[in-house]
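Engineer: I'd like to ask some things about the structure below.
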Amino acid sequence: MGTIQKNLGLKHKYMAYTTAAGALAAYPKRIPSGAVAQKELDGVGQKIGLKIQEILDTGKLKKLDQYNSDPKIVTLNLLCRVTGVGPAAARKWIDSGVKTIEDLKKEKLNHHQEIGVKYFEDFEKRIPRSEMQEIKNIVKTSISQLDQLITVKICGSYRRGSESSGDVDVLITHPKFTNEKKEQKDTFDLIKRIVDRLEKIKFLTDHLANGTQQYMGVCKIPKEGAIARRIDIKLFPKESFYTALLHFTGSGEHNRQLSCIAINKGFKLSEFSITPVGSTGVEGAPIPVQSEKEIYDILGIPFRKPSE
DNA sequence: CCGACAGCGCATCCGC
DNA sequence: GCGGATGCGG
DNA sequence: GTCGG
C-alpha cells in the first residue's frame with residue numbers, strides 16, 4: 001500500500017504506511033487484532049488498524065487487491081521503478097497510452113530517464129559484498145592517486161556489514177575543504193576531478209547528476225559481463241564529515257532513534273552537524289566532532305560500531 | 001480542525 | 001539569458 | 001494516514 005501511495009504522489013501516506021509496517025515488524029508479540037495494533041503501536045491509527053483486522057480475518061486486503069487489479073496502477077508501479085521517473089512523469093505517460101518499458105523507450109526522455117531505461121534490469125540487481133569490496137578498492141586506489149589527503153568512505157548497508165547492497169554510496173572529504181572555504185568550492189572542484197579520473201579508467205560509464213557537492217552516476221567493474229551499478233559520491237566539508245558519515249551509514253531506523261535521543265537531551269542532530277538547543281528552542285553553534293564516537297559521547301550513549 | 005511529516009542538490013522546465 | 005518553480009532522488 | 005497543537 002505504501003509503494004502505491006508513493007507512486008500516486010502521496011509521499012506522506014507512504015511514510016505513514018512505512019512507519020506503521022516498521023512498528024508492526026518490531027513488535028515482539030503476535031498482534032491479536034486491529035484494535036490492539038492501534039492501541040499498542042505508534043503509527044497505527046484507525047484506518048490501518050481496520051486493515052490489519054481485515055488481514056487477520058480474511059488473509060487479504062480488498063483495497064490492495066483492487067489497486068493491483070487496476071491496469072493503470074500496475075503500469076504506474078512499473079514505470080516508477082525506472083530511476084528518474086516519478087509520479088508526475090509516469091501519470092503523463094500512462095494517460096498517453098504507455099504500458100511497458102518498451103513503450104517508454106519510444107517516448108521523449110530526459111537524460112536521467114534514458115539511463116534508467118537502459119539499465120532497468122541491472123539496477124534492480126543486488127550487489128554482493130565481494131563486489132562491493134572490489135568497487136571500494138578501485139575507488140580508494142584511484143582517489144588516493146589523485147590526492148592522498150582525501151578521505152573516502154563507502155557507507156550504506158555495506159558499512160553496516162550487509163552481505164549485499166542496493167547501490168554504492170561514497171562519502172569523501174578533504175582537510176582543505178571547510179565551511180569557510182566552501183565558497184571556493186567551484187574552483188576546488190574535487191568531485192569533478194575524481195569523476196574525470198574514474199571515467200578515464202572506464203569505471204564510471206554514465207552520469208546522472210554531476211555537481212560540485214554531489215555526483216550521481218553509473219559504474220561497472222571493468223571486466224566482461226559486469227553489471228551496471230548505481231553509485232553516488234558526496235563531498236562534505238570536514239566539519240560535517242562525521243555527522244554525514246553517521247547519517248549515510250544509517251540505517252534509517254537508527255538515524256531516527258539517534259535523532260530522537262538528541263532532541264530529548266537538548267541537541268539537534270543532522271547530516272551536517274550536531275548543535276545544542278536551548279530551552280527556548282534557540283539553536284547554538286555546531287559542536288565540533290572528529291569521530292562518530294564523539295557524537296555518541298555528546299548524546300551520552302555507548303558507542304556502537306556501524307556493524308552493530 | 002488542520003498543518004507537519006527533512007531539507008536540499010542537481011537537472012530541467014517555465015515565464016519573462 | 002536569467003531567476004524561480006518543479007520533479008526527482010537519497 | 002497518523003499525530004499533535
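If you're wondering about the labels, chains in the C-alpha cells are A, B, ... by order shown, residues count from 1 in each chain, ligands from 1 in order shown.
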Tell me, as an MDAnalysis selection string, which residues lie within 12 Å of DA4 (chain B), counting only C-alpha atoms (C1' of nucleotides); anything in the same chain fewer than 4 positions away does not count.

Structural biologist: (chainID A and resid 12) or (chainID D and resid 2:5)

Engineer: Please save N, CA, C and O atoms (P, O5', C5', C4', C3', O3' and C1' of nucleotides) of the selected residues as a compact mmCIF listing (two decimals), in the first residue's frame.

Structural biologist:
# COMPACT_ATOMS: atom_id res chain seq x y z
N HIS A 12 3.58 11.37 1.93
CA HIS A 12 3.38 11.30 3.38
C HIS A 12 2.54 10.10 3.79
O HIS A 12 2.76 9.52 4.85
P DT D 2 -4.10 5.49 10.02
O5' DT D 2 -3.08 6.49 10.72
C5' DT D 2 -1.69 6.19 10.69
C4' DT D 2 -0.95 7.17 11.58
C3' DT D 2 -1.64 7.44 12.93
O3' DT D 2 -0.67 7.24 13.95
C1' DT D 2 -1.17 9.48 11.82
P DC D 3 -1.11 7.40 15.51
O5' DC D 3 -0.54 8.84 15.85
C5' DC D 3 0.80 9.15 15.50
C4' DC D 3 1.04 10.63 15.70
C3' DC D 3 0.52 11.18 17.04
O3' DC D 3 1.61 11.75 17.75
C1' DC D 3 -0.11 12.57 15.22
P DG D 4 1.45 12.12 19.30
O5' DG D 4 1.38 13.71 19.24
C5' DG D 4 2.27 14.45 18.42
C4' DG D 4 1.76 15.87 18.32
C3' DG D 4 1.18 16.44 19.62
O3' DG D 4 1.45 17.82 19.67
C1' DG D 4 -0.44 16.54 17.94
P DG D 5 1.60 18.54 21.08
O5' DG D 5 1.35 20.07 20.66
C5' DG D 5 1.94 20.59 19.46
C4' DG D 5 1.04 21.66 18.89
C3' DG D 5 0.42 22.58 19.94
O3' DG D 5 0.36 23.91 19.42
C1' DG D 5 -1.29 21.51 18.71

Engineer: Using only C-alpha atoms (C1' of nucleotides), select each residue of chain A with any atom at most 8 Å away from an atom of chain D, and give the selection as a list in words.

Structural biologist: His12, Lys13, Ala16, Tyr17, Gly43, Val44, Gly45, Lys47 and Ile48 of chain A

Engineer: Keeping only N, CA and C atoms, write those residues as an mmCIF file, in the first residue's frame.

Structural biologist:
data_model
loop_
_atom_site.group_PDB
_atom_site.id
_atom_site.type_symbol
_atom_site.label_atom_id
_atom_site.label_comp_id
_atom_site.auth_asym_id
_atom_site.auth_seq_id
_atom_site.Cartn_x
_atom_site.Cartn_y
_atom_site.Cartn_z
ATOM 1 N N HIS A 12 3.580 11.366 1.933
ATOM 2 C CA HIS A 12 3.385 11.302 3.383
ATOM 3 C C HIS A 12 2.545 10.095 3.789
ATOM 4 N N LYS A 13 1.616 9.715 2.909
ATOM 5 C CA LYS A 13 0.896 8.470 3.175
ATOM 6 C C LYS A 13 1.852 7.290 3.089
ATOM 7 N N ALA A 16 3.564 7.116 6.246
ATOM 8 C CA ALA A 16 2.664 6.605 7.283
ATOM 9 C C ALA A 16 2.607 5.079 7.229
ATOM 10 N N TYR A 17 2.446 4.524 6.036
ATOM 11 C CA TYR A 17 2.415 3.067 5.897
ATOM 12 C C TYR A 17 3.747 2.447 6.287
ATOM 13 N N GLY A 43 1.998 4.885 15.210
ATOM 14 C CA GLY A 43 1.935 4.960 13.745
ATOM 15 C C GLY A 43 0.774 4.186 13.163
ATOM 16 N N VAL A 44 0.138 3.358 13.995
ATOM 17 C CA VAL A 44 -1.065 2.652 13.551
ATOM 18 C C VAL A 44 -2.289 3.364 14.122
ATOM 19 N N GLY A 45 -3.085 3.907 13.247
ATOM 20 C CA GLY A 45 -4.312 4.585 13.667
ATOM 21 C C GLY A 45 -5.525 3.766 13.305
ATOM 22 N N LYS A 47 -7.496 3.712 10.532
ATOM 23 C CA LYS A 47 -7.593 3.136 9.190
ATOM 24 C C LYS A 47 -6.692 1.915 9.018
ATOM 25 N N ILE A 48 -5.461 2.028 9.470
ATOM 26 C CA ILE A 48 -4.547 0.896 9.325
ATOM 27 C C ILE A 48 -4.941 -0.213 10.299
#

Engineer: Do me a favour and pick out the residues of chain B within 12 Å of chain A, using only C-alpha atoms (C1' of nucleotides), as a PyMOL selection string.

Structural biologist: chain B and resi 4-13

Engineer: Determine, using only C-alpha atoms (C1' of nucleotides), which residues of chain C have any atom at most 9 Å from an atom of chain A, and tabulate each with its shortest atom pair and distance in Å to one decimal place, rows ordered by chain and then rising number, as a tab-separated table.

Structural biologist:
residue	atom	partner	partner_atom	distance
C:DG7	C1'	A:Gly86	CA	7.4
C:DC8	C1'	A:Gly84	CA	6.2
C:DG9	C1'	A:Gly84	CA	7.8

Engineer: For the residues selected in the previous step, produce a file with N, CA, C and O atoms (P, O5', C5', C4', C3', O3' and C1' of nucleotides) as a PDB file, in the first residue's frame.

Structural biologist:
ATOM      1  P    DG C   7       5.759  19.103 -10.271  1.00  0.00           P
ATOM      2  O5'  DG C   7       6.925  18.060 -10.557  1.00  0.00           O
ATOM      3  C5'  DG C   7       7.436  17.933 -11.870  1.00  0.00           C
ATOM      4  C4'  DG C   7       8.603  16.969 -11.851  1.00  0.00           C
ATOM      5  C3'  DG C   7       8.380  15.714 -10.994  1.00  0.00           C
ATOM      6  O3'  DG C   7       8.772  14.589 -11.774  1.00  0.00           O
ATOM      7  C1'  DG C   7      10.379  16.812 -10.339  1.00  0.00           C
ATOM      8  P    DC C   8       8.498  13.110 -11.247  1.00  0.00           P
ATOM      9  O5'  DC C   8       9.869  12.740 -10.544  1.00  0.00           O
ATOM     10  C5'  DC C   8      11.068  12.802 -11.323  1.00  0.00           C
ATOM     11  C4'  DC C   8      12.260  12.661 -10.433  1.00  0.00           C
ATOM     12  C3'  DC C   8      12.144  11.573  -9.362  1.00  0.00           C
ATOM     13  O3'  DC C   8      12.880  10.444  -9.799  1.00  0.00           O
ATOM     14  C1'  DC C   8      13.271  13.570  -8.589  1.00  0.00           C
ATOM     15  P    DG C   9      12.981   9.136  -8.920  1.00  0.00           P
ATOM     16  O5'  DG C   9      14.307   9.386  -8.077  1.00  0.00           O
ATOM     17  C5'  DG C   9      15.484   9.813  -8.748  1.00  0.00           C
ATOM     18  C4'  DG C   9      16.571  10.011  -7.730  1.00  0.00           C
ATOM     19  C3'  DG C   9      16.597   8.916  -6.659  1.00  0.00           C
ATOM     20  O3'  DG C   9      17.890   8.363  -6.574  1.00  0.00           O
ATOM     21  C1'  DG C   9      16.440  11.095  -5.651  1.00  0.00           C
TER      22       DG C   9
END

Engineer: Could you name the residues that touch Leu104 (chain A) at 12 Å or less, counting only C-alpha atoms (C1' of nucleotides), but leaving out those on the same chain fewer than 2 positions away, as a list in words?

Structural biologist: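 So the residues in contact are Thr75, Leu78, Leu79, Cys80, Val82, Val85, Ala89, Ala90, Lys92, Trp93, Ile94, Ser96, Gly97, Val98, Lys99, Thr100, Ile101, Glu102, Lys106, Glu107, Lys108, Leu109, Asn110, Gln113, Glu114, Gly116, Val117, Lys118 and Phe120 of chain A.
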
Engineer: Would you mind writing down, as a PyMOL selection string, each residue of region 27-260 of chain A that DSSP on the backbone assigns to helix (DSSP H, G or I)?

Structural biologist: chain A and resi 34-40+46-58+62-68+71-79+87-95+101-105+111-118+120-123+129-146+156-159+180-188+190-200+238-249+252-260

Engineer: So that I have them on file, write out the residues from the current selection with C-alpha atoms, as a compact mmCIF listing (two decimals), in the first residue's frame.

Structural biologist:
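As written to disk, part-v6.txt reads:
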# COMPACT_ATOMS: atom_id res chain seq x y z
CA GLY A 34 -6.55 -4.46 14.61
CA ALA A 35 -7.82 -2.71 17.72
CA VAL A 36 -4.84 -3.92 19.75
CA ALA A 37 -2.48 -2.86 16.96
CA GLN A 38 -3.94 0.63 17.00
CA LYS A 39 -3.63 0.80 20.77
CA GLU A 40 -0.14 -0.64 21.08
CA GLN A 46 -7.90 3.72 12.93
CA LYS A 47 -7.59 3.14 9.19
CA ILE A 48 -4.55 0.90 9.32
CA GLY A 49 -5.96 -0.80 12.41
CA LEU A 50 -9.02 -1.79 10.37
CA LYS A 51 -6.78 -3.02 7.55
CA ILE A 52 -4.81 -5.18 9.99
CA GLN A 53 -8.08 -6.63 11.27
CA GLU A 54 -9.19 -7.38 7.71
CA ILE A 55 -5.95 -9.22 7.01
CA LEU A 56 -6.29 -11.20 10.23
CA ASP A 57 -9.87 -12.13 9.32
CA THR A 58 -9.58 -12.85 5.61
CA LYS A 62 -9.56 -5.75 -0.60
CA LYS A 63 -8.24 -2.27 -1.23
CA LEU A 64 -4.82 -3.63 -2.16
CA ASP A 65 -6.31 -6.27 -4.45
CA GLN A 66 -8.34 -3.52 -6.11
CA TYR A 67 -5.23 -1.49 -6.73
CA ASN A 68 -3.33 -4.49 -8.04
CA PRO A 71 -4.06 -1.71 -15.02
CA LYS A 72 -3.24 1.95 -14.50
CA ILE A 73 -1.88 1.29 -11.05
CA VAL A 74 0.07 -1.73 -12.27
CA THR A 75 1.66 0.38 -15.02
CA LEU A 76 2.28 3.22 -12.58
CA ASN A 77 4.18 0.89 -10.28
CA LEU A 78 6.19 -0.45 -13.22
CA LEU A 79 7.19 2.93 -14.68
CA PRO A 87 4.60 10.10 -10.14
CA ALA A 88 4.27 13.14 -12.43
CA ALA A 89 6.09 11.69 -15.44
CA ALA A 90 4.51 8.25 -15.02
CA ARG A 91 0.99 9.70 -14.90
CA LYS A 92 1.61 11.77 -18.01
CA TRP A 93 2.80 8.74 -20.00
CA ILE A 94 0.05 6.44 -18.75
CA ASP A 95 -2.52 8.98 -19.95
CA ILE A 101 9.23 -0.26 -20.50
CA GLU A 102 9.49 -0.97 -24.24
CA ASP A 103 6.83 1.67 -24.89
CA LEU A 104 8.78 4.07 -22.71
CA LYS A 105 11.84 3.72 -24.93
CA HIS A 111 19.00 12.04 -19.72
CA HIS A 112 18.40 10.53 -16.28
CA GLN A 113 15.42 8.56 -17.56
CA GLU A 114 17.35 7.34 -20.63
CA ILE A 115 19.94 5.83 -18.32
CA GLY A 116 17.18 4.46 -16.09
CA VAL A 117 15.64 2.59 -19.02
CA LYS A 118 18.99 1.49 -20.41
CA PHE A 120 16.49 -1.09 -15.91
CA GLU A 121 17.30 -4.75 -15.16
CA ASP A 122 20.81 -4.14 -13.86
CA PHE A 123 19.72 -1.52 -11.32
CA ARG A 129 29.58 -7.81 -0.70
CA SER A 130 32.56 -9.25 -2.57
CA GLU A 131 31.82 -6.93 -5.50
CA MET A 132 31.37 -4.00 -3.11
CA GLN A 133 34.87 -4.71 -1.85
CA GLU A 134 36.23 -4.69 -5.39
CA ILE A 135 34.47 -1.40 -6.06
CA LYS A 136 35.83 0.03 -2.83
CA ASN A 137 39.37 -0.89 -3.85
CA ILE A 138 39.03 0.71 -7.26
CA VAL A 139 37.53 3.92 -5.86
CA LYS A 140 40.00 4.21 -2.97
CA THR A 141 43.06 3.48 -5.07
CA SER A 142 42.06 5.85 -7.81
CA ILE A 143 41.20 8.71 -5.49
CA SER A 144 44.34 8.36 -3.38
CA GLN A 145 46.41 8.62 -6.57
CA LEU A 146 44.68 11.93 -7.18
CA GLY A 156 25.20 2.47 3.45
CA SER A 157 24.44 -1.13 4.27
CA TYR A 158 27.93 -2.16 3.13
CA ARG A 159 29.46 -0.29 6.04
CA GLU A 180 34.92 28.64 5.47
CA LYS A 181 36.44 27.72 2.15
CA LYS A 182 33.23 26.32 0.78
CA GLU A 183 32.72 29.45 -1.28
CA GLN A 184 35.72 28.45 -3.35
CA LYS A 185 34.26 25.04 -3.98
CA ASP A 186 33.66 25.74 -7.63
CA THR A 187 37.38 26.29 -8.15
CA PHE A 188 38.36 23.50 -5.84
CA LEU A 190 37.21 17.88 -6.12
CA ILE A 191 34.27 15.88 -7.36
CA LYS A 192 34.81 16.80 -10.99
CA ARG A 193 38.45 15.72 -10.82
CA ILE A 194 37.52 12.45 -9.18
CA VAL A 195 34.79 11.79 -11.73
CA ASP A 196 37.17 12.53 -14.62
CA ARG A 197 39.65 10.07 -13.27
CA LEU A 198 37.15 7.30 -12.60
CA GLU A 199 35.73 7.82 -16.05
CA LYS A 200 39.15 7.58 -17.63
CA LYS A 238 35.41 18.39 7.15
CA GLU A 239 33.28 19.91 9.94
CA SER A 240 30.31 17.91 8.71
CA PHE A 241 32.07 14.72 7.77
CA TYR A 242 31.39 12.58 10.83
CA THR A 243 27.76 13.56 11.20
CA ALA A 244 27.38 12.84 7.49
CA LEU A 245 29.16 9.51 7.88
CA LEU A 246 26.82 8.56 10.72
CA HIS A 247 23.81 9.68 8.72
CA PHE A 248 24.67 7.91 5.47
CA THR A 249 25.70 4.71 7.20
CA GLY A 252 17.21 4.96 8.57
CA GLU A 253 15.72 3.47 11.70
CA HIS A 254 18.95 4.01 13.62
CA ASN A 255 19.04 7.63 12.41
CA ARG A 256 15.53 8.22 13.72
CA GLN A 257 16.49 6.74 17.10
CA LEU A 258 19.59 8.91 17.42
CA SER A 259 17.70 12.00 16.34
CA CYS A 260 15.08 11.29 18.97

Engineer: With only C-alpha atoms (C1' of nucleotides) as the counted atoms, please give the residues lying no more than 12 Å from DG15 (chain B), apart from itself and same-chain residues fewer than 6 positions off, as a PDB file with N, CA and C atoms (P, O5', C5', C4', C3', O3' and C1' of nucleotides), in the first residue's frame.

Structural biologist:
ATOM      1  P    DC C   2      22.978  34.908 -18.270  1.00  0.00           P
ATOM      2  O5'  DC C   2      21.634  35.054 -17.422  1.00  0.00           O
ATOM      3  C5'  DC C   2      20.958  36.301 -17.383  1.00  0.00           C
ATOM      4  C4'  DC C   2      19.768  36.184 -16.448  1.00  0.00           C
ATOM      5  C3'  DC C   2      20.065  35.348 -15.195  1.00  0.00           C
ATOM      6  O3'  DC C   2      19.654  36.047 -14.041  1.00  0.00           O
ATOM      7  C1'  DC C   2      18.110  34.552 -16.288  1.00  0.00           C
ATOM      8  P    DG C   3      20.077  35.513 -12.606  1.00  0.00           P
ATOM      9  O5'  DG C   3      18.651  35.288 -11.953  1.00  0.00           O
ATOM     10  C5'  DG C   3      17.693  36.353 -11.937  1.00  0.00           C
ATOM     11  C4'  DG C   3      16.384  35.808 -11.414  1.00  0.00           C
ATOM     12  C3'  DG C   3      16.525  35.003 -10.122  1.00  0.00           C
ATOM     13  O3'  DG C   3      15.410  35.269  -9.275  1.00  0.00           O
ATOM     14  C1'  DG C   3      15.658  33.616 -11.842  1.00  0.00           C
ATOM     15  P    DG C   4      15.242  34.511  -7.873  1.00  0.00           P
ATOM     16  O5'  DG C   4      13.996  33.555  -8.146  1.00  0.00           O
ATOM     17  C5'  DG C   4      12.799  34.112  -8.730  1.00  0.00           C
ATOM     18  C4'  DG C   4      11.859  32.982  -9.051  1.00  0.00           C
ATOM     19  C3'  DG C   4      11.648  31.993  -7.903  1.00  0.00           C
ATOM     20  O3'  DG C   4      10.261  31.700  -7.803  1.00  0.00           O
ATOM     21  C1'  DG C   4      12.353  30.840  -9.849  1.00  0.00           C
ATOM     22  P    DA C   5       9.695  30.621  -6.774  1.00  0.00           P
ATOM     23  O5'  DA C   5       9.261  29.429  -7.737  1.00  0.00           O
ATOM     24  C5'  DA C   5       8.370  29.708  -8.828  1.00  0.00           C
ATOM     25  C4'  DA C   5       7.953  28.398  -9.483  1.00  0.00           C
ATOM     26  C3'  DA C   5       7.547  27.316  -8.481  1.00  0.00           C
ATOM     27  O3'  DA C   5       6.441  26.601  -9.015  1.00  0.00           O
ATOM     28  C1'  DA C   5       9.435  26.591  -9.744  1.00  0.00           C
TER      29       DA C   5
END

Engineer: Ranking A:Tyr119, A:Phe272, A:Phe177, A:Tyr14 by minimum distance to Ala228 (chain A) and counting only C-alpha atoms, which one comes first?

Structural biologist: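 For Ala228 (chain A), the nearest of the given residues is A:Tyr119.
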
Engineer: Report the distance between CA of Lys220 (chain A) and CA of Thr3 (chain A) in Å, rounded to one decimal place.

Structural biologist: 28.8 Å

Engineer: List every residue of region 18-196 of chain A that DSSP, applied to the backbone of this structure, assigns to strand (DSSP E), and report them as a PyMOL selection string.

Structural biologist: chain A and resi 127-128+151-154+164-165+168-173

Engineer: Select, from A:Lys153, A:Lys265, A:Lys234, A:His207, the residue with the minimum atom-to-atom distance to DG10 (chain C), counting only C-alpha atoms (C1' of nucleotides).

Structural biologist: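 For DG10 (chain C), the nearest of the given residues is A:Lys234.
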
Engineer: In Å to one decimal, how far is CA of Gly250 (chain A) from CA of Thr18 (chain A)?

Structural biologist: 16.4 Å
